[in-house]
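Student: A single structure is presented below for examination.
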Amino acid sequence: SDSDTEMDIARCSVCGTQQQLLRCAKCKAVYYCSPAHQHLDWPAHRQECRLLARQRSASNNNKPKPQQQKQQQRQQLQQLQQAVAAATFVGGSGGGGAGANCSTAQMMTPAHQAQSWPADVDNLLSLLEQPGHAHAHARAQETADAEAEAEAEPKHQHHHGEKSSSYQIGLGDASFLGSGSERRYEDLCRNIISDMNQYGLSVVDDFLGTERGLKILNEVRSMYNAGAFQDGMVVTNQKPDAPSAVRGDKIRGDKIKWVGGNEPGCSNVWYLTNQIDSVVYRVNTMKDNGILGNYHIRERTRAMVACYPGSGTHYVMHVDNPNKDGRVITAIYYLNINWDARESGGILRIRPTTGTTVADIEPKFDRLIFFWSDIRNPHEVQPAHRTRYAITVWYFDAKEREEALNRAKLENNKTNNVAVQSQTQRTEPDSTTTSPAPTTSSSSSLPPSMSTGTGALNANVSSNSCATSSEICT
């Protein structure tokens, strides 16, 4: 309603600022901090602006009867679907996910033909592969925080399979988009398996269809406009004044919100995650599923809804799971209508370490991608010049996750014992002993442009925020 819209915190639709805002004169519903940002966002806002303007004009007249109102809404939705299809889905499918298809091969480019990739990527990979690298404490603290909350709360199962901070998959009917599409579903899963074996990633276009995708986009934009997002964070084990320390906003510029799906106004995000769950469960349990058969995937994180608010915001090269924390598959769903990387940037670049190609993936509307979460897939988000939305979910391998939690328990016990011993030495000094000198863990020096995912340049949320949000740090 109009009153609800006025209660939302007004923000620039491009950069998210609340300062010196100007309102779009036509639809009077979207704000910008400058004419330049309005012009930048106009290709994406054009169709929505017309629709909002019509809705505003209609609301100023007498309220129509419920049946007439529903008919108008259907017509408006059809008009918006047609506009989106004309702009974005030429040759694709616009409804019901009936045209979901893998297009991974089209994204792959020989590495020597791709744009410049950081020359020190090999330094990052060699560092991550060093045994005993000084990331154990940060990893242990993160997983210990998550486990402590899981044990502190009574274990419960929601209708969507929530168990404390993680969500179970495969508990109910693992059906994709209802029924009647089994053959297409089978083909889609086989293509994903083939892509993951060959490339280490898979790209699925037209995943849910235009109508459902627009509903998800509407929920995400409502959350963002309400000010529910916070800056993405990084873990740091270095002193702020260390020469190699890098400010968080230089590493990642996204704003994020964790969503379980049972919160008010998130029903379509919940639907999305359940559909991804169905696909992941299916490819993990099918016969002859290649590398995917090496894992037992029955659990995932909450969904991380992310917004890059334009103005060149980006995320430097990093690895999601360099520390064997249990995450094996990263799934990302994009919500960006009429995206053209030549003008808007924002490409997700993945360099599979096992191959000679790179993947340049545009964050196009209703596109879903999968890739291995560990050091097989270093990746970056290149600078985005308009608002860029994505929803990410991570899936756990049961064995690796259990091992990570066990390591966290041991590390947490060691930390507690050291603290007790230190306190005892301070309160009851022994003339025959001396307090141990504090030790400083050494770490390899890295270029400031790189994010190792371990220590100063981690792709993870800080351990303090992890404890309060009950999330696997990402």
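Residue numbering restarts at 1 for every chain of the structure tokens, chains are lettered A, B, ... in their displayed order, and ligands are numbered from 1 as they appear.
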Fewer than 2 positions away in the same chain doesn't count, so skip those; otherwise give me all residues within 7 Å of Val381 of chain A, counting only C-alpha atoms, as a PyMOL selection string.
Tutor: chain A and resi 314-316+346-349+383
Student: Could you save the residues just selected, with N, CA and C atoms, as a short mmCIF file (atom, residue, chain, number, x, y, z; two decimals), in the first residue's frame?
Tutor:
```cif
data_model
loop_
_atom_site.label_atom_id
_atom_site.label_comp_id
_atom_site.auth_asym_id
_atom_site.auth_seq_id
_atom_site.Cartn_x
_atom_site.Cartn_y
_atom_site.Cartn_z
N HIS A 314 32.38 -4.37 -5.88
CA HIS A 314 32.93 -5.61 -6.41
C HIS A 314 33.32 -6.53 -5.26
N TYR A 315 33.87 -7.70 -5.61
CA TYR A 315 34.40 -8.65 -4.63
C TYR A 315 35.66 -9.25 -5.24
N VAL A 316 36.80 -9.04 -4.60
CA VAL A 316 38.06 -9.49 -5.18
C VAL A 316 38.12 -11.02 -5.21
N GLY A 346 29.88 -6.25 -13.55
CA GLY A 346 29.30 -7.20 -12.60
C GLY A 346 29.45 -8.66 -12.96
N ILE A 347 30.38 -9.00 -13.86
CA ILE A 347 30.57 -10.40 -14.25
C ILE A 347 31.13 -11.20 -13.09
N LEU A 348 30.64 -12.42 -12.92
CA LEU A 348 31.27 -13.39 -12.02
C LEU A 348 32.29 -14.16 -12.85
N ARG A 349 33.56 -14.01 -12.50
CA ARG A 349 34.61 -14.74 -13.21
C ARG A 349 35.11 -15.87 -12.33
N PRO A 383 33.68 -5.19 -10.98
CA PRO A 383 32.93 -3.99 -10.60
C PRO A 383 31.57 -3.88 -11.30
#
```
Student: Report as a compact mmCIF listing (two decimals) with all heavy atoms, in the first residue's frame all protein, DNA and RNA residues lying within 10 Å of Gln38 of chain A, evaluated on only C-alpha atoms, omitting residues in the same chain fewer than 4 positions from it.
Tutor:
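In the end it all went to result_10.txt:
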```
# COMPACT_ATOMS: atom_id res chain seq x y z
N CYS A 12 18.87 5.60 -2.55
CA CYS A 12 19.19 5.66 -3.97
C CYS A 12 19.14 4.25 -4.53
O CYS A 12 19.76 3.33 -3.98
CB CYS A 12 20.57 6.29 -4.18
SG CYS A 12 21.11 6.25 -5.92
N SER A 13 18.43 4.07 -5.63
CA SER A 13 18.26 2.74 -6.21
C SER A 13 19.55 2.19 -6.78
O SER A 13 19.66 1.00 -7.00
CB SER A 13 17.20 2.79 -7.31
OG SER A 13 16.93 1.52 -7.82
N VAL A 14 20.56 3.05 -7.00
CA VAL A 14 21.83 2.61 -7.56
C VAL A 14 22.87 2.35 -6.50
O VAL A 14 23.46 1.29 -6.41
CB VAL A 14 22.35 3.63 -8.59
CG1 VAL A 14 23.76 3.26 -9.06
CG2 VAL A 14 21.41 3.72 -9.78
N LEU A 22 16.49 12.39 -4.76
CA LEU A 22 15.52 12.92 -5.71
C LEU A 22 14.59 11.77 -6.10
O LEU A 22 15.04 10.62 -6.24
CB LEU A 22 16.21 13.48 -6.95
CG LEU A 22 17.26 14.57 -6.71
CD1 LEU A 22 18.00 14.87 -8.00
CD2 LEU A 22 16.60 15.83 -6.18
N ARG A 23 13.31 12.09 -6.28
CA ARG A 23 12.34 11.04 -6.59
C ARG A 23 12.02 11.06 -8.08
O ARG A 23 11.94 12.12 -8.71
CB ARG A 23 11.06 11.26 -5.78
CG ARG A 23 10.07 10.11 -5.89
CD ARG A 23 8.98 10.21 -4.86
NE ARG A 23 8.16 11.40 -5.02
CZ ARG A 23 7.08 11.69 -4.29
NH1 ARG A 23 6.73 10.85 -3.33
NH2 ARG A 23 6.41 12.78 -4.48
N CYS A 24 11.87 9.85 -8.63
CA CYS A 24 11.50 9.75 -10.05
C CYS A 24 10.17 10.47 -10.26
O CYS A 24 9.17 10.20 -9.59
CB CYS A 24 11.37 8.27 -10.44
SG CYS A 24 10.77 8.02 -12.13
N VAL A 30 10.60 5.51 -6.81
CA VAL A 30 12.01 5.13 -6.79
C VAL A 30 12.85 6.39 -6.64
O VAL A 30 12.54 7.44 -7.21
CB VAL A 30 12.40 4.37 -8.08
CG1 VAL A 30 13.88 4.02 -8.09
CG2 VAL A 30 11.57 3.10 -8.20
N TYR A 31 13.95 6.30 -5.86
CA TYR A 31 14.76 7.45 -5.51
C TYR A 31 16.17 7.33 -6.07
O TYR A 31 16.71 6.22 -6.22
CB TYR A 31 14.83 7.62 -3.99
CG TYR A 31 13.51 7.98 -3.36
CD1 TYR A 31 12.56 6.99 -3.08
CD2 TYR A 31 13.19 9.30 -3.05
CE1 TYR A 31 11.35 7.30 -2.50
CE2 TYR A 31 11.97 9.63 -2.47
CZ TYR A 31 11.05 8.62 -2.20
OH TYR A 31 9.85 8.93 -1.64
N TYR A 32 16.78 8.48 -6.33
CA TYR A 32 18.17 8.55 -6.79
C TYR A 32 18.85 9.72 -6.10
O TYR A 32 18.22 10.72 -5.75
CB TYR A 32 18.24 8.73 -8.31
CG TYR A 32 17.58 7.62 -9.08
CD1 TYR A 32 16.28 7.76 -9.56
CD2 TYR A 32 18.25 6.43 -9.34
CE1 TYR A 32 15.66 6.74 -10.27
CE2 TYR A 32 17.65 5.40 -10.04
CZ TYR A 32 16.36 5.56 -10.51
OH TYR A 32 15.75 4.54 -11.20
N CYS A 33 20.16 9.58 -5.94
CA CYS A 33 20.92 10.66 -5.29
C CYS A 33 21.37 11.71 -6.29
O CYS A 33 21.84 12.79 -5.90
CB CYS A 33 22.13 10.09 -4.54
SG CYS A 33 23.34 9.32 -5.64
N SER A 34 21.27 11.41 -7.59
CA SER A 34 21.72 12.36 -8.60
C SER A 34 21.09 12.00 -9.94
O SER A 34 20.71 10.84 -10.17
CB SER A 34 23.25 12.32 -8.72
OG SER A 34 23.68 11.07 -9.22
N TRP A 42 18.13 3.88 -15.65
CA TRP A 42 16.93 3.98 -16.48
C TRP A 42 16.69 2.77 -17.36
O TRP A 42 15.54 2.31 -17.48
CB TRP A 42 16.99 5.24 -17.34
CG TRP A 42 15.79 5.39 -18.24
CD1 TRP A 42 15.75 5.41 -19.59
CD2 TRP A 42 14.42 5.54 -17.83
NE1 TRP A 42 14.48 5.56 -20.05
CE2 TRP A 42 13.63 5.64 -18.99
CE3 TRP A 42 13.79 5.59 -16.57
CZ2 TRP A 42 12.25 5.78 -18.94
CZ3 TRP A 42 12.40 5.73 -16.54
CH2 TRP A 42 11.65 5.84 -17.70
N PRO A 43 17.71 2.15 -18.00
CA PRO A 43 17.41 0.96 -18.81
C PRO A 43 16.71 -0.14 -18.02
O PRO A 43 15.85 -0.84 -18.55
CB PRO A 43 18.80 0.51 -19.28
CG PRO A 43 19.61 1.76 -19.29
CD PRO A 43 19.13 2.55 -18.11
N HIS A 45 15.00 0.44 -15.10
CA HIS A 45 13.82 0.97 -14.41
C HIS A 45 12.69 1.33 -15.37
O HIS A 45 11.55 1.49 -14.94
CB HIS A 45 14.24 2.22 -13.61
CG HIS A 45 13.11 2.91 -12.90
ND1 HIS A 45 12.28 2.25 -12.00
CD2 HIS A 45 12.67 4.19 -12.95
CE1 HIS A 45 11.39 3.11 -11.53
NE2 HIS A 45 11.59 4.28 -12.10
```
Student: For Leu292 of chain A, work out the shell of residues within 12 Å, counting only C-alpha atoms and skipping chain neighbours fewer than 3 positions away, then give it as a ChimeraX atom specification.
Tutor: /A:189-190,192-198,200-201,280-289,295-297,328-329,370-372,395,397
Student: Please, which residues of segment 162-386 of chain A, numbered as in this document, come out strand (DSSP E or B) from DSSP, as a VMD selection string?
Tutor: chain A and resid 162 to 163 166 to 168 201 to 205 230 to 231 252 255 to 259 297 to 300 303 to 309 313 to 318 327 to 334 336 345 348 to 350 357 to 361 364 368 to 372 379 to 384
Student: Considering only C-alpha atoms, can you say which of A:Gln68, A:Gln168, A:Ser57, A:Thr273 comes closest to Leu368 of chain A?
Tutor: A:Thr273
Student: Out of A:Ile391, A:Asn274, A:Ile9, A:Asp360, which residue has the shortest atom-to-atom distance to Ala341 of chain A when counting only C-alpha atoms?
Tutor: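 Nearest candidate to Ala341 of chain A out of A:Ile391, A:Asn274, A:Ile9, A:Asp360: A:Asp360.
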Student: With distances taken over only C-alpha atoms, which residue among A:Leu272, A:Met317, A:Leu21, A:Ala390 lies nearest Pro378 of chain A?
Tutor: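 Ranked by minimum distance to Pro378 of chain A, first place goes to A:Met317.
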Student: Take atom CA of Glu299 of chain A and atom CA of Pro352 of chain A and report the distance between them in Å, one decimal.
Tutor: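 Atom CA of Pro352 of chain A lies 24.5 Å from atom CA of Glu299 of chain A.
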Student: In terms of the shortest atom-to-atom distance over only C-alpha atoms, which of A:Gln20, A:Cys307, A:Tyr199, A:Asn377 is closest to Asn225 of chain A?
Tutor: A:Cys307
Student: For the atom pair atom CA of Asp277 of chain A and atom CA of Leu171 of chain A, what is the interatomic distance in Å to one decimal place?
Tutor: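 It comes out at 10.3 Å.
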